[in-house]
$ cat query.txt   # compact mmCIF, N, CA and C atoms
# COMPACT_ATOMS: atom_id res chain seq x y z
N MET A 1 0.85 -1.16 0.00
CA MET A 1 0.00 0.00 0.00
C MET A 1 0.90 1.23 0.00
N GLY A 2 0.46 2.26 -0.71
CA GLY A 2 1.29 3.43 -0.79
C GLY A 2 0.50 4.68 -1.14
N LEU A 3 1.24 5.69 -1.50
CA LEU A 3 0.69 7.00 -1.77
C LEU A 3 1.09 7.42 -3.17
N ASP A 4 0.13 7.91 -3.93
CA ASP A 4 0.37 8.45 -5.26
C ASP A 4 0.04 9.93 -5.26
N LEU A 5 0.91 10.73 -5.85
CA LEU A 5 0.66 12.15 -6.07
C LEU A 5 0.55 12.34 -7.57
N PHE A 6 -0.55 12.96 -8.00
CA PHE A 6 -0.80 13.06 -9.44
C PHE A 6 -1.65 14.28 -9.75
N PRO A 7 -1.56 14.78 -10.99
CA PRO A 7 -2.37 15.93 -11.38
C PRO A 7 -3.84 15.55 -11.47
N GLY A 8 -4.69 16.45 -11.06
CA GLY A 8 -6.14 16.22 -11.13
C GLY A 8 -6.70 16.59 -12.48
N ASP A 9 -6.10 16.06 -13.53
CA ASP A 9 -6.52 16.41 -14.89
C ASP A 9 -7.32 15.30 -15.57
N ASP A 10 -7.62 14.24 -14.87
CA ASP A 10 -8.38 13.11 -15.41
C ASP A 10 -7.71 12.44 -16.60
N ASP A 11 -6.42 12.68 -16.78
CA ASP A 11 -5.65 12.08 -17.87
C ASP A 11 -4.79 10.97 -17.26
N THR A 12 -5.16 9.73 -17.52
CA THR A 12 -4.44 8.61 -16.92
C THR A 12 -3.01 8.45 -17.45
N SER A 13 -2.68 9.18 -18.53
CA SER A 13 -1.32 9.11 -19.05
C SER A 13 -0.41 10.19 -18.45
N SER A 14 -0.99 11.07 -17.61
CA SER A 14 -0.18 12.11 -16.97
C SER A 14 0.81 11.47 -16.01
N PRO A 15 1.98 12.09 -15.84
CA PRO A 15 2.97 11.54 -14.91
C PRO A 15 2.46 11.63 -13.47
N ASP A 16 2.98 10.74 -12.65
CA ASP A 16 2.68 10.76 -11.22
C ASP A 16 3.93 10.32 -10.48
N VAL A 17 3.86 10.37 -9.19
CA VAL A 17 4.96 9.87 -8.36
C VAL A 17 4.34 9.05 -7.24
N SER A 18 4.95 7.90 -6.95
CA SER A 18 4.39 6.96 -5.98
C SER A 18 5.45 6.56 -4.97
N TRP A 19 4.99 6.40 -3.73
CA TRP A 19 5.86 5.95 -2.65
C TRP A 19 5.09 4.98 -1.77
N PRO A 20 5.77 4.02 -1.16
CA PRO A 20 5.21 3.38 0.02
C PRO A 20 5.14 4.46 1.11
N TYR A 21 4.19 4.37 2.02
CA TYR A 21 4.04 5.41 3.05
C TYR A 21 5.33 5.67 3.81
N THR A 22 6.04 4.61 4.14
CA THR A 22 7.29 4.77 4.88
C THR A 22 8.31 5.56 4.07
N SER A 23 8.40 5.29 2.79
CA SER A 23 9.35 6.01 1.93
C SER A 23 8.96 7.47 1.76
N PHE A 24 7.66 7.76 1.72
CA PHE A 24 7.22 9.15 1.64
C PHE A 24 7.61 9.89 2.91
N GLY A 25 7.52 9.21 4.04
CA GLY A 25 7.96 9.81 5.30
C GLY A 25 9.45 10.12 5.28
N VAL A 26 10.25 9.22 4.77
CA VAL A 26 11.69 9.44 4.66
C VAL A 26 11.95 10.61 3.71
N PHE A 27 11.24 10.66 2.60
CA PHE A 27 11.37 11.75 1.63
C PHE A 27 11.10 13.10 2.29
N ARG A 28 10.01 13.19 3.03
CA ARG A 28 9.68 14.45 3.69
C ARG A 28 10.68 14.80 4.78
N ARG A 29 11.18 13.81 5.50
CA ARG A 29 12.19 14.10 6.53
C ARG A 29 13.46 14.67 5.90
N ARG A 30 13.86 14.13 4.76
CA ARG A 30 15.04 14.65 4.06
C ARG A 30 14.80 16.09 3.60
N LEU A 31 13.60 16.36 3.08
CA LEU A 31 13.29 17.72 2.64
C LEU A 31 13.32 18.69 3.82
N ALA A 32 12.72 18.28 4.94
CA ALA A 32 12.72 19.14 6.12
C ALA A 32 14.15 19.39 6.59
N GLN A 33 14.97 18.36 6.58
CA GLN A 33 16.37 18.51 6.98
C GLN A 33 17.08 19.51 6.06
N ALA A 34 16.80 19.44 4.76
CA ALA A 34 17.39 20.39 3.82
C ALA A 34 16.92 21.81 4.10
N GLU A 35 15.76 21.94 4.72
CA GLU A 35 15.22 23.26 5.06
C GLU A 35 15.68 23.73 6.44
N GLY A 36 16.43 22.88 7.13
CA GLY A 36 17.03 23.29 8.39
C GLY A 36 16.26 22.94 9.65
N PHE A 37 15.34 22.00 9.57
CA PHE A 37 14.63 21.57 10.77
C PHE A 37 14.32 20.09 10.67
N ALA A 38 14.01 19.50 11.81
CA ALA A 38 13.65 18.08 11.86
C ALA A 38 12.14 17.95 11.84
N LEU A 39 11.63 17.17 10.92
CA LEU A 39 10.18 16.98 10.80
C LEU A 39 9.60 16.39 12.08
N ASP A 40 10.36 15.55 12.76
CA ASP A 40 9.88 14.90 13.98
C ASP A 40 9.63 15.88 15.13
N GLU A 41 10.19 17.09 15.04
CA GLU A 41 9.93 18.07 16.10
C GLU A 41 8.68 18.90 15.83
N MET A 42 8.07 18.71 14.65
CA MET A 42 6.93 19.54 14.24
C MET A 42 5.61 18.97 14.74
N HIS A 43 4.69 19.89 15.02
CA HIS A 43 3.33 19.51 15.40
C HIS A 43 2.74 18.62 14.30
N GLY A 44 2.14 17.53 14.69
CA GLY A 44 1.57 16.59 13.74
C GLY A 44 2.52 15.47 13.36
N PHE A 45 3.78 15.59 13.77
CA PHE A 45 4.77 14.57 13.46
C PHE A 45 5.48 14.08 14.71
N GLY A 46 4.81 14.23 15.85
CA GLY A 46 5.36 13.75 17.11
C GLY A 46 5.96 14.84 17.98
N GLY A 47 6.16 16.02 17.43
CA GLY A 47 6.75 17.11 18.19
C GLY A 47 5.72 18.18 18.53
N HIS A 48 6.21 19.24 19.12
CA HIS A 48 5.31 20.31 19.56
C HIS A 48 5.61 21.64 18.88
N ARG A 49 6.60 21.67 18.01
CA ARG A 49 6.96 22.92 17.35
C ARG A 49 5.87 23.30 16.33
N PRO A 50 5.35 24.52 16.41
CA PRO A 50 4.30 24.91 15.47
C PRO A 50 4.87 25.21 14.08
N TRP A 51 4.05 24.99 13.07
CA TRP A 51 4.49 25.20 11.70
C TRP A 51 4.79 26.67 11.40
N ASN A 52 4.16 27.58 12.13
CA ASN A 52 4.45 28.99 11.87
C ASN A 52 5.81 29.40 12.45
N ASP A 53 6.51 28.44 13.06
CA ASP A 53 7.85 28.65 13.59
C ASP A 53 8.93 28.47 12.52
N VAL A 54 8.59 27.88 11.40
CA VAL A 54 9.55 27.66 10.32
C VAL A 54 9.04 28.31 9.05
N PHE A 55 9.96 28.78 8.24
CA PHE A 55 9.57 29.32 6.95
C PHE A 55 10.17 28.46 5.87
N THR A 56 9.30 27.86 5.10
CA THR A 56 9.71 27.11 3.93
C THR A 56 8.55 27.08 2.95
N THR A 57 8.85 27.25 1.70
CA THR A 57 7.81 27.16 0.68
C THR A 57 7.35 25.71 0.50
N LEU A 58 8.07 24.77 1.11
CA LEU A 58 7.69 23.36 1.04
C LEU A 58 6.65 22.97 2.10
N ALA A 59 6.28 23.91 2.97
CA ALA A 59 5.36 23.60 4.07
C ALA A 59 4.06 22.92 3.62
N PRO A 60 3.41 23.35 2.53
CA PRO A 60 2.17 22.66 2.15
C PRO A 60 2.37 21.17 1.85
N LEU A 61 3.56 20.80 1.37
CA LEU A 61 3.86 19.40 1.11
C LEU A 61 4.30 18.69 2.38
N LEU A 62 5.13 19.35 3.17
CA LEU A 62 5.66 18.73 4.38
C LEU A 62 4.59 18.56 5.44
N ASN A 63 3.70 19.51 5.56
CA ASN A 63 2.66 19.47 6.59
C ASN A 63 1.33 19.05 5.99
N HIS A 64 1.35 17.96 5.25
CA HIS A 64 0.15 17.45 4.60
C HIS A 64 -0.09 16.03 5.08
N PRO A 65 -1.33 15.71 5.48
CA PRO A 65 -1.59 14.33 5.90
C PRO A 65 -1.38 13.36 4.74
N ASP A 66 -0.94 12.16 5.06
CA ASP A 66 -0.76 11.14 4.03
C ASP A 66 -2.11 10.78 3.40
N ASP A 67 -3.12 10.67 4.22
CA ASP A 67 -4.47 10.32 3.74
C ASP A 67 -5.42 11.45 4.10
N GLY A 68 -6.42 11.65 3.30
CA GLY A 68 -7.35 12.73 3.57
C GLY A 68 -6.67 14.05 3.29
N GLY A 69 -7.11 15.07 3.91
CA GLY A 69 -6.48 16.37 3.71
C GLY A 69 -6.80 16.95 2.35
N PRO A 70 -6.57 18.23 2.22
CA PRO A 70 -6.91 18.91 0.97
C PRO A 70 -5.89 18.62 -0.13
N ASP A 71 -6.35 18.76 -1.35
CA ASP A 71 -5.43 18.70 -2.49
C ASP A 71 -4.59 19.97 -2.46
N LEU A 72 -3.47 19.96 -3.14
CA LEU A 72 -2.66 21.16 -3.24
C LEU A 72 -3.07 21.91 -4.51
N THR A 73 -3.30 23.19 -4.38
CA THR A 73 -3.76 24.01 -5.49
C THR A 73 -2.61 24.29 -6.46
N PRO A 74 -2.93 24.73 -7.68
CA PRO A 74 -1.87 25.12 -8.61
C PRO A 74 -0.97 26.22 -8.03
N THR A 75 -1.54 27.14 -7.26
CA THR A 75 -0.74 28.19 -6.64
C THR A 75 0.24 27.61 -5.63
N GLN A 76 -0.22 26.64 -4.82
CA GLN A 76 0.68 25.98 -3.88
C GLN A 76 1.77 25.20 -4.63
N CYS A 77 1.38 24.55 -5.71
CA CYS A 77 2.36 23.82 -6.54
C CYS A 77 3.42 24.77 -7.06
N ALA A 78 3.00 25.97 -7.49
CA ALA A 78 3.93 26.97 -8.01
C ALA A 78 4.89 27.45 -6.92
N GLY A 79 4.43 27.47 -5.68
CA GLY A 79 5.30 27.86 -4.58
C GLY A 79 6.29 26.78 -4.20
N ILE A 80 5.89 25.54 -4.29
CA ILE A 80 6.72 24.40 -3.91
C ILE A 80 7.77 24.08 -4.97
N ARG A 81 7.39 24.12 -6.24
CA ARG A 81 8.22 23.63 -7.32
C ARG A 81 9.63 24.23 -7.38
N PRO A 82 9.81 25.57 -7.28
CA PRO A 82 11.18 26.09 -7.40
C PRO A 82 12.13 25.58 -6.30
N ARG A 83 11.64 25.53 -5.07
CA ARG A 83 12.51 25.06 -3.98
C ARG A 83 12.81 23.58 -4.13
N LEU A 84 11.82 22.81 -4.55
CA LEU A 84 12.05 21.38 -4.77
C LEU A 84 13.06 21.18 -5.89
N GLN A 85 12.98 21.98 -6.94
CA GLN A 85 13.95 21.91 -8.04
C GLN A 85 15.35 22.22 -7.54
N GLU A 86 15.47 23.20 -6.64
CA GLU A 86 16.77 23.53 -6.06
C GLU A 86 17.36 22.33 -5.32
N THR A 87 16.52 21.58 -4.62
CA THR A 87 17.05 20.41 -3.90
C THR A 87 17.54 19.34 -4.87
N VAL A 88 16.91 19.27 -6.05
CA VAL A 88 17.34 18.32 -7.06
C VAL A 88 18.67 18.75 -7.65
N ASP A 89 18.81 20.07 -7.90
CA ASP A 89 19.97 20.60 -8.59
C ASP A 89 21.20 20.81 -7.71
N GLN A 90 21.01 20.91 -6.40
CA GLN A 90 22.14 21.25 -5.53
C GLN A 90 23.11 20.09 -5.42
N PRO A 91 24.39 20.44 -5.29
CA PRO A 91 25.37 19.38 -5.05
C PRO A 91 25.13 18.77 -3.67
N HIS A 92 25.43 17.53 -3.53
CA HIS A 92 25.15 16.82 -2.28
C HIS A 92 26.44 16.50 -1.52
N GLY A 93 27.40 17.38 -1.65
CA GLY A 93 28.63 17.27 -0.87
C GLY A 93 29.40 16.00 -1.12
N GLY A 94 29.36 15.49 -2.33
CA GLY A 94 30.09 14.27 -2.64
C GLY A 94 29.42 13.01 -2.11
N THR A 95 28.28 13.19 -1.43
CA THR A 95 27.56 12.05 -0.90
C THR A 95 26.85 11.34 -2.04
N THR A 96 27.00 10.06 -2.08
CA THR A 96 26.32 9.26 -3.10
C THR A 96 25.74 8.03 -2.43
N GLY A 97 25.00 7.32 -3.17
CA GLY A 97 24.42 6.09 -2.66
C GLY A 97 23.01 5.94 -3.16
N PRO A 98 22.50 4.74 -3.09
CA PRO A 98 21.17 4.49 -3.64
C PRO A 98 20.05 5.25 -2.94
N ALA A 99 20.14 5.44 -1.62
CA ALA A 99 19.08 6.15 -0.90
C ALA A 99 19.02 7.61 -1.32
N LEU A 100 20.17 8.25 -1.42
CA LEU A 100 20.21 9.65 -1.85
C LEU A 100 19.76 9.77 -3.30
N GLN A 101 20.21 8.86 -4.15
CA GLN A 101 19.81 8.92 -5.55
C GLN A 101 18.30 8.73 -5.70
N ARG A 102 17.73 7.86 -4.90
CA ARG A 102 16.28 7.66 -4.93
C ARG A 102 15.55 8.94 -4.52
N HIS A 103 16.05 9.61 -3.48
CA HIS A 103 15.46 10.87 -3.03
C HIS A 103 15.51 11.92 -4.14
N VAL A 104 16.65 12.06 -4.78
CA VAL A 104 16.81 13.04 -5.86
C VAL A 104 15.89 12.68 -7.03
N ASP A 105 15.83 11.41 -7.38
CA ASP A 105 14.94 10.97 -8.47
C ASP A 105 13.48 11.24 -8.15
N ASP A 106 13.07 10.93 -6.91
CA ASP A 106 11.68 11.18 -6.50
C ASP A 106 11.36 12.66 -6.54
N ALA A 107 12.27 13.48 -6.04
CA ALA A 107 12.06 14.93 -6.06
C ALA A 107 11.95 15.42 -7.50
N GLY A 108 12.78 14.89 -8.39
CA GLY A 108 12.71 15.27 -9.81
C GLY A 108 11.38 14.88 -10.43
N GLN A 109 10.87 13.69 -10.12
CA GLN A 109 9.56 13.27 -10.63
C GLN A 109 8.46 14.19 -10.10
N LEU A 110 8.56 14.54 -8.84
CA LEU A 110 7.54 15.42 -8.25
C LEU A 110 7.59 16.81 -8.88
N VAL A 111 8.77 17.29 -9.21
CA VAL A 111 8.90 18.57 -9.91
C VAL A 111 8.13 18.53 -11.23
N VAL A 112 8.25 17.44 -11.97
CA VAL A 112 7.54 17.29 -13.25
C VAL A 112 6.03 17.33 -13.02
N VAL A 113 5.56 16.62 -12.00
CA VAL A 113 4.13 16.58 -11.70
C VAL A 113 3.63 17.96 -11.27
N LEU A 114 4.39 18.65 -10.43
CA LEU A 114 4.00 20.00 -9.99
C LEU A 114 3.93 20.95 -11.18
N GLN A 115 4.90 20.84 -12.08
CA GLN A 115 4.91 21.70 -13.27
C GLN A 115 3.67 21.46 -14.12
N LEU A 116 3.30 20.22 -14.28
CA LEU A 116 2.11 19.89 -15.06
C LEU A 116 0.85 20.44 -14.40
N CYS A 117 0.78 20.35 -13.08
CA CYS A 117 -0.37 20.92 -12.36
C CYS A 117 -0.47 22.42 -12.61
N MET A 118 0.67 23.08 -12.62
CA MET A 118 0.69 24.52 -12.87
C MET A 118 0.26 24.82 -14.31
N GLU A 119 0.81 24.09 -15.26
CA GLU A 119 0.50 24.34 -16.67
C GLU A 119 -0.95 24.08 -17.00
N LYS A 120 -1.52 23.03 -16.40
CA LYS A 120 -2.91 22.67 -16.69
C LYS A 120 -3.89 23.34 -15.73
N ASP A 121 -3.35 24.05 -14.73
CA ASP A 121 -4.16 24.73 -13.72
C ASP A 121 -5.10 23.73 -13.02
N VAL A 122 -4.48 22.64 -12.54
CA VAL A 122 -5.22 21.60 -11.82
C VAL A 122 -4.54 21.35 -10.47
N ASP A 123 -5.28 20.80 -9.54
CA ASP A 123 -4.76 20.47 -8.22
C ASP A 123 -3.84 19.26 -8.28
N LEU A 124 -2.94 19.20 -7.30
CA LEU A 124 -2.14 18.00 -7.07
C LEU A 124 -2.94 17.14 -6.12
N LEU A 125 -3.25 15.92 -6.55
CA LEU A 125 -4.07 15.02 -5.75
C LEU A 125 -3.21 14.02 -5.01
N PHE A 126 -3.64 13.68 -3.80
CA PHE A 126 -3.00 12.64 -2.99
C PHE A 126 -3.94 11.46 -2.98
N GLY A 127 -3.47 10.31 -3.45
CA GLY A 127 -4.36 9.16 -3.49
C GLY A 127 -3.66 7.87 -3.20
$ encode --input "query.txt" --output "structure tokens"
Amino acid sequence: MGLDLFPGDDDTSSPDVSWPYTSFGVFRRRLAQAEGFALDEMHGFGGHRPWNDVFTTLAPLLNHPDDGGPDLTPTQCAGIRPRLQETVDQPHGGTTGPALQRHVDDAGQLVVVLQLCMEKDVDLLFG
């Protein structure tokens, strides 16, 4: 069982990105770490730190329930996409390995999906 993020364009040939729930959690923890905070300290993730305590354009993605919760709007996608692209493009300090490569690949796939949501003016759906 897992999580799929895809454009709400009713086009089954549109790109999507899929994770097992555990892997999506790891993905978000890495993104939060890149933003300078630990996801586990945040409200809703076992901690007590409020989300208004951190500034990141990735907040709508990081602070989103795995199931339920609202779709992300094209405007939210437009806010998330540039920062996510930066994480794909940034050097990783010579660090390599399959886990890091998977994270970069997943982020790259999500960038493509976010871009499509923006271009088609459709929500990013969590399913």
$ closest_residue --input "query.txt" --among "A:Gly2, A:Gly8, A:Gly69, A:Pro60" --to "Leu125 (chain A)" --atoms "only N, CA and C atoms"
A:Gly8
$ residues_around --input "query.txt" --residues "Lys120 (chain A)" --least-positions-apart "2" --cutoff "12 Å" --atoms "only C-alpha atoms" --output "JSON list (two decimals) with N, CA and C atoms, in the coordinates of the input"
[["chain", "number", "residue", "atom", "x", "y", "z"],
["A", 7, "PRO", "N", -1.56, 14.78, -10.99],
["A", 7, "PRO", "CA", -2.37, 15.93, -11.38],
["A", 7, "PRO", "C", -3.84, 15.55, -11.47],
["A", 8, "GLY", "N", -4.69, 16.45, -11.06],
["A", 8, "GLY", "CA", -6.14, 16.22, -11.13],
["A", 8, "GLY", "C", -6.70, 16.59, -12.48],
["A", 9, "ASP", "N", -6.10, 16.06, -13.53],
["A", 9, "ASP", "CA", -6.52, 16.41, -14.89],
["A", 9, "ASP", "C", -7.32, 15.30, -15.57],
["A", 10, "ASP", "N", -7.62, 14.24, -14.87],
["A", 10, "ASP", "CA", -8.38, 13.11, -15.41],
["A", 10, "ASP", "C", -7.71, 12.44, -16.60],
["A", 11, "ASP", "N", -6.42, 12.68, -16.78],
["A", 11, "ASP", "CA", -5.65, 12.08, -17.87],
["A", 11, "ASP", "C", -4.79, 10.97, -17.26],
["A", 14, "SER", "N", -0.99, 11.07, -17.61],
["A", 14, "SER", "CA", -0.18, 12.11, -16.97],
["A", 14, "SER", "C", 0.81, 11.47, -16.01],
["A", 73, "THR", "N", -3.30, 23.19, -4.38],
["A", 73, "THR", "CA", -3.76, 24.01, -5.49],
["A", 73, "THR", "C", -2.61, 24.29, -6.46],
["A", 74, "PRO", "N", -2.93, 24.73, -7.68],
["A", 74, "PRO", "CA", -1.87, 25.12, -8.61],
["A", 74, "PRO", "C", -0.97, 26.22, -8.03],
["A", 75, "THR", "N", -1.54, 27.14, -7.26],
["A", 75, "THR", "CA", -0.74, 28.19, -6.64],
["A", 75, "THR", "C", 0.24, 27.61, -5.63],
["A", 77, "CYS", "N", 1.38, 24.55, -5.71],
["A", 77, "CYS", "CA", 2.36, 23.82, -6.54],
["A", 77, "CYS", "C", 3.42, 24.77, -7.06],
["A", 78, "ALA", "N", 3.00, 25.97, -7.49],
["A", 78, "ALA", "CA", 3.93, 26.97, -8.01],
["A", 78, "ALA", "C", 4.89, 27.45, -6.92],
["A", 113, "VAL", "N", 5.56, 16.62, -12.00],
["A", 113, "VAL", "CA", 4.13, 16.58, -11.70],
["A", 113, "VAL", "C", 3.63, 17.96, -11.27],
["A", 114, "LEU", "N", 4.39, 18.65, -10.43],
["A", 114, "LEU", "CA", 4.00, 20.00, -9.99],
["A", 114, "LEU", "C", 3.93, 20.95, -11.18],
["A", 115, "GLN", "N", 4.90, 20.84, -12.08],
["A", 115, "GLN", "CA", 4.91, 21.70, -13.27],
["A", 115, "GLN", "C", 3.67, 21.46, -14.12],
["A", 116, "LEU", "N", 3.30, 20.22, -14.28],
["A", 116, "LEU", "CA", 2.11, 19.89, -15.06],
["A", 116, "LEU", "C", 0.85, 20.44, -14.40],
["A", 117, "CYS", "N", 0.78, 20.35, -13.08],
["A", 117, "CYS", "CA", -0.37, 20.92, -12.36],
["A", 117, "CYS", "C", -0.47, 22.42, -12.61],
["A", 118, "MET", "N", 0.67, 23.08, -12.62],
["A", 118, "MET", "CA", 0.69, 24.52, -12.87],
["A", 118, "MET", "C", 0.26, 24.82, -14.31],
["A", 122, "VAL", "N", -4.48, 22.64, -12.54],
["A", 122, "VAL", "CA", -5.22, 21.60, -11.82],
["A", 122, "VAL", "C", -4.54, 21.35, -10.47],
["A", 123, "ASP", "N", -5.28, 20.80, -9.54],
["A", 123, "ASP", "CA", -4.76, 20.47, -8.22],
["A", 123, "ASP", "C", -3.84, 19.26, -8.28],
["A", 124, "LEU", "N", -2.94, 19.20, -7.30],
["A", 124, "LEU", "CA", -2.14, 18.00, -7.07],
["A", 124, "LEU", "C", -2.94, 17.14, -6.12]]
$ atom_distance --input "query.txt" --atom1 "CA of Val88 (chain A)" --atom2 "CA of Asp67 (chain A)"
25.6 Å
$ select_by_dssp --input "query.txt" --residues "chain A" --states "strand (DSSP E or B)" --output "list in words"
Gly2, Leu3, Asp4, Leu5, Phe6, Pro7, Val17, Ser18, Trp19, Pro20, Met42, His43, Gly47, Arg49, Leu72, Leu124, Leu125 and Phe126 of chain A
$ write_last_selection --input "query.txt" --atoms "N, CA and C atoms" --output "short mmCIF file (atom, residue, chain, number, x, y, z; two decimals), in the frame of the given file"
data_model
loop_
_atom_site.label_atom_id
_atom_site.label_comp_id
_atom_site.auth_asym_id
_atom_site.auth_seq_id
_atom_site.Cartn_x
_atom_site.Cartn_y
_atom_site.Cartn_z
N GLY A 2 0.46 2.26 -0.71
CA GLY A 2 1.29 3.43 -0.79
C GLY A 2 0.50 4.68 -1.14
N LEU A 3 1.24 5.69 -1.50
CA LEU A 3 0.69 7.00 -1.77
C LEU A 3 1.09 7.42 -3.17
N ASP A 4 0.13 7.91 -3.93
CA ASP A 4 0.37 8.45 -5.26
C ASP A 4 0.04 9.93 -5.26
N LEU A 5 0.91 10.73 -5.85
CA LEU A 5 0.66 12.15 -6.07
C LEU A 5 0.55 12.34 -7.57
N PHE A 6 -0.55 12.96 -8.00
CA PHE A 6 -0.80 13.06 -9.44
C PHE A 6 -1.65 14.28 -9.75
N PRO A 7 -1.56 14.78 -10.99
CA PRO A 7 -2.37 15.93 -11.38
C PRO A 7 -3.84 15.55 -11.47
N VAL A 17 3.86 10.37 -9.19
CA VAL A 17 4.96 9.87 -8.36
C VAL A 17 4.34 9.05 -7.24
N SER A 18 4.95 7.90 -6.95
CA SER A 18 4.39 6.96 -5.98
C SER A 18 5.45 6.56 -4.97
N TRP A 19 4.99 6.40 -3.73
CA TRP A 19 5.86 5.95 -2.65
C TRP A 19 5.09 4.98 -1.77
N PRO A 20 5.77 4.02 -1.16
CA PRO A 20 5.21 3.38 0.02
C PRO A 20 5.14 4.46 1.11
N MET A 42 8.07 18.71 14.65
CA MET A 42 6.93 19.54 14.24
C MET A 42 5.61 18.97 14.74
N HIS A 43 4.69 19.89 15.02
CA HIS A 43 3.33 19.51 15.40
C HIS A 43 2.74 18.62 14.30
N GLY A 47 6.16 16.02 17.43
CA GLY A 47 6.75 17.11 18.19
C GLY A 47 5.72 18.18 18.53
N ARG A 49 6.60 21.67 18.01
CA ARG A 49 6.96 22.92 17.35
C ARG A 49 5.87 23.30 16.33
N LEU A 72 -3.47 19.96 -3.14
CA LEU A 72 -2.66 21.16 -3.24
C LEU A 72 -3.07 21.91 -4.51
N LEU A 124 -2.94 19.20 -7.30
CA LEU A 124 -2.14 18.00 -7.07
C LEU A 124 -2.94 17.14 -6.12
N LEU A 125 -3.25 15.92 -6.55
CA LEU A 125 -4.07 15.02 -5.75
C LEU A 125 -3.21 14.02 -5.01
N PHE A 126 -3.64 13.68 -3.80
CA PHE A 126 -3.00 12.64 -2.99
C PHE A 126 -3.94 11.46 -2.98
#
$ closest_residue --input "query.txt" --among "A:Leu110, A:Val54, A:Ala34, A:Leu39" --to "Thr87 (chain A)" --atoms "all atoms listed in the file"
A:Ala34
$ closest_residue --input "query.txt" --among "A:Pro82, A:Pro50, A:Leu5, A:Phe126" --to "Asp66 (chain A)" --atoms "all atoms listed in the file"
A:Phe126
$ closest_residue --input "query.txt" --among "A:Gly79, A:Gly44, A:Val112, A:Gln101" --to "Thr56 (chain A)" --atoms "all atoms listed in the file"
A:Gly79
$ atom_distance --input "query.txt" --atom1 "CA of Leu31 (chain A)" --atom2 "CA of Asp105 (chain A)"
13.1 Å
$ closest_residue --input "query.txt" --among "A:Asp71, A:Glu41, A:Asp53, A:Glu86" --to "Val111 (chain A)" --atoms "only C-alpha atoms"
A:Glu86
$ select_by_dssp --input "query.txt" --residues "chain A" --states "helix (DSSP H, G or I)" --output "PyMOL selection string"
chain A and resi 21-34+39-41+51-53+59-62+74-89+98-120
$ residues_near_point --input "query.txt" --point "(11.6, 9.4, -8.3)" --cutoff "12 Å" --atoms "only C-alpha atoms" --output "ChimeraX atom specification"
/A:4-5,15-19,23-24,27,88,98-113
$ atom_distance --input "query.txt" --atom1 "CA of Thr12 (chain A)" --atom2 "CA of Leu61 (chain A)"
22.6 Å
$ closest_residue --input "query.txt" --among "A:Met42, A:Leu72, A:Val26, A:Ile80" --to "Leu58 (chain A)" --atoms "all atoms listed in the file"
A:Ile80
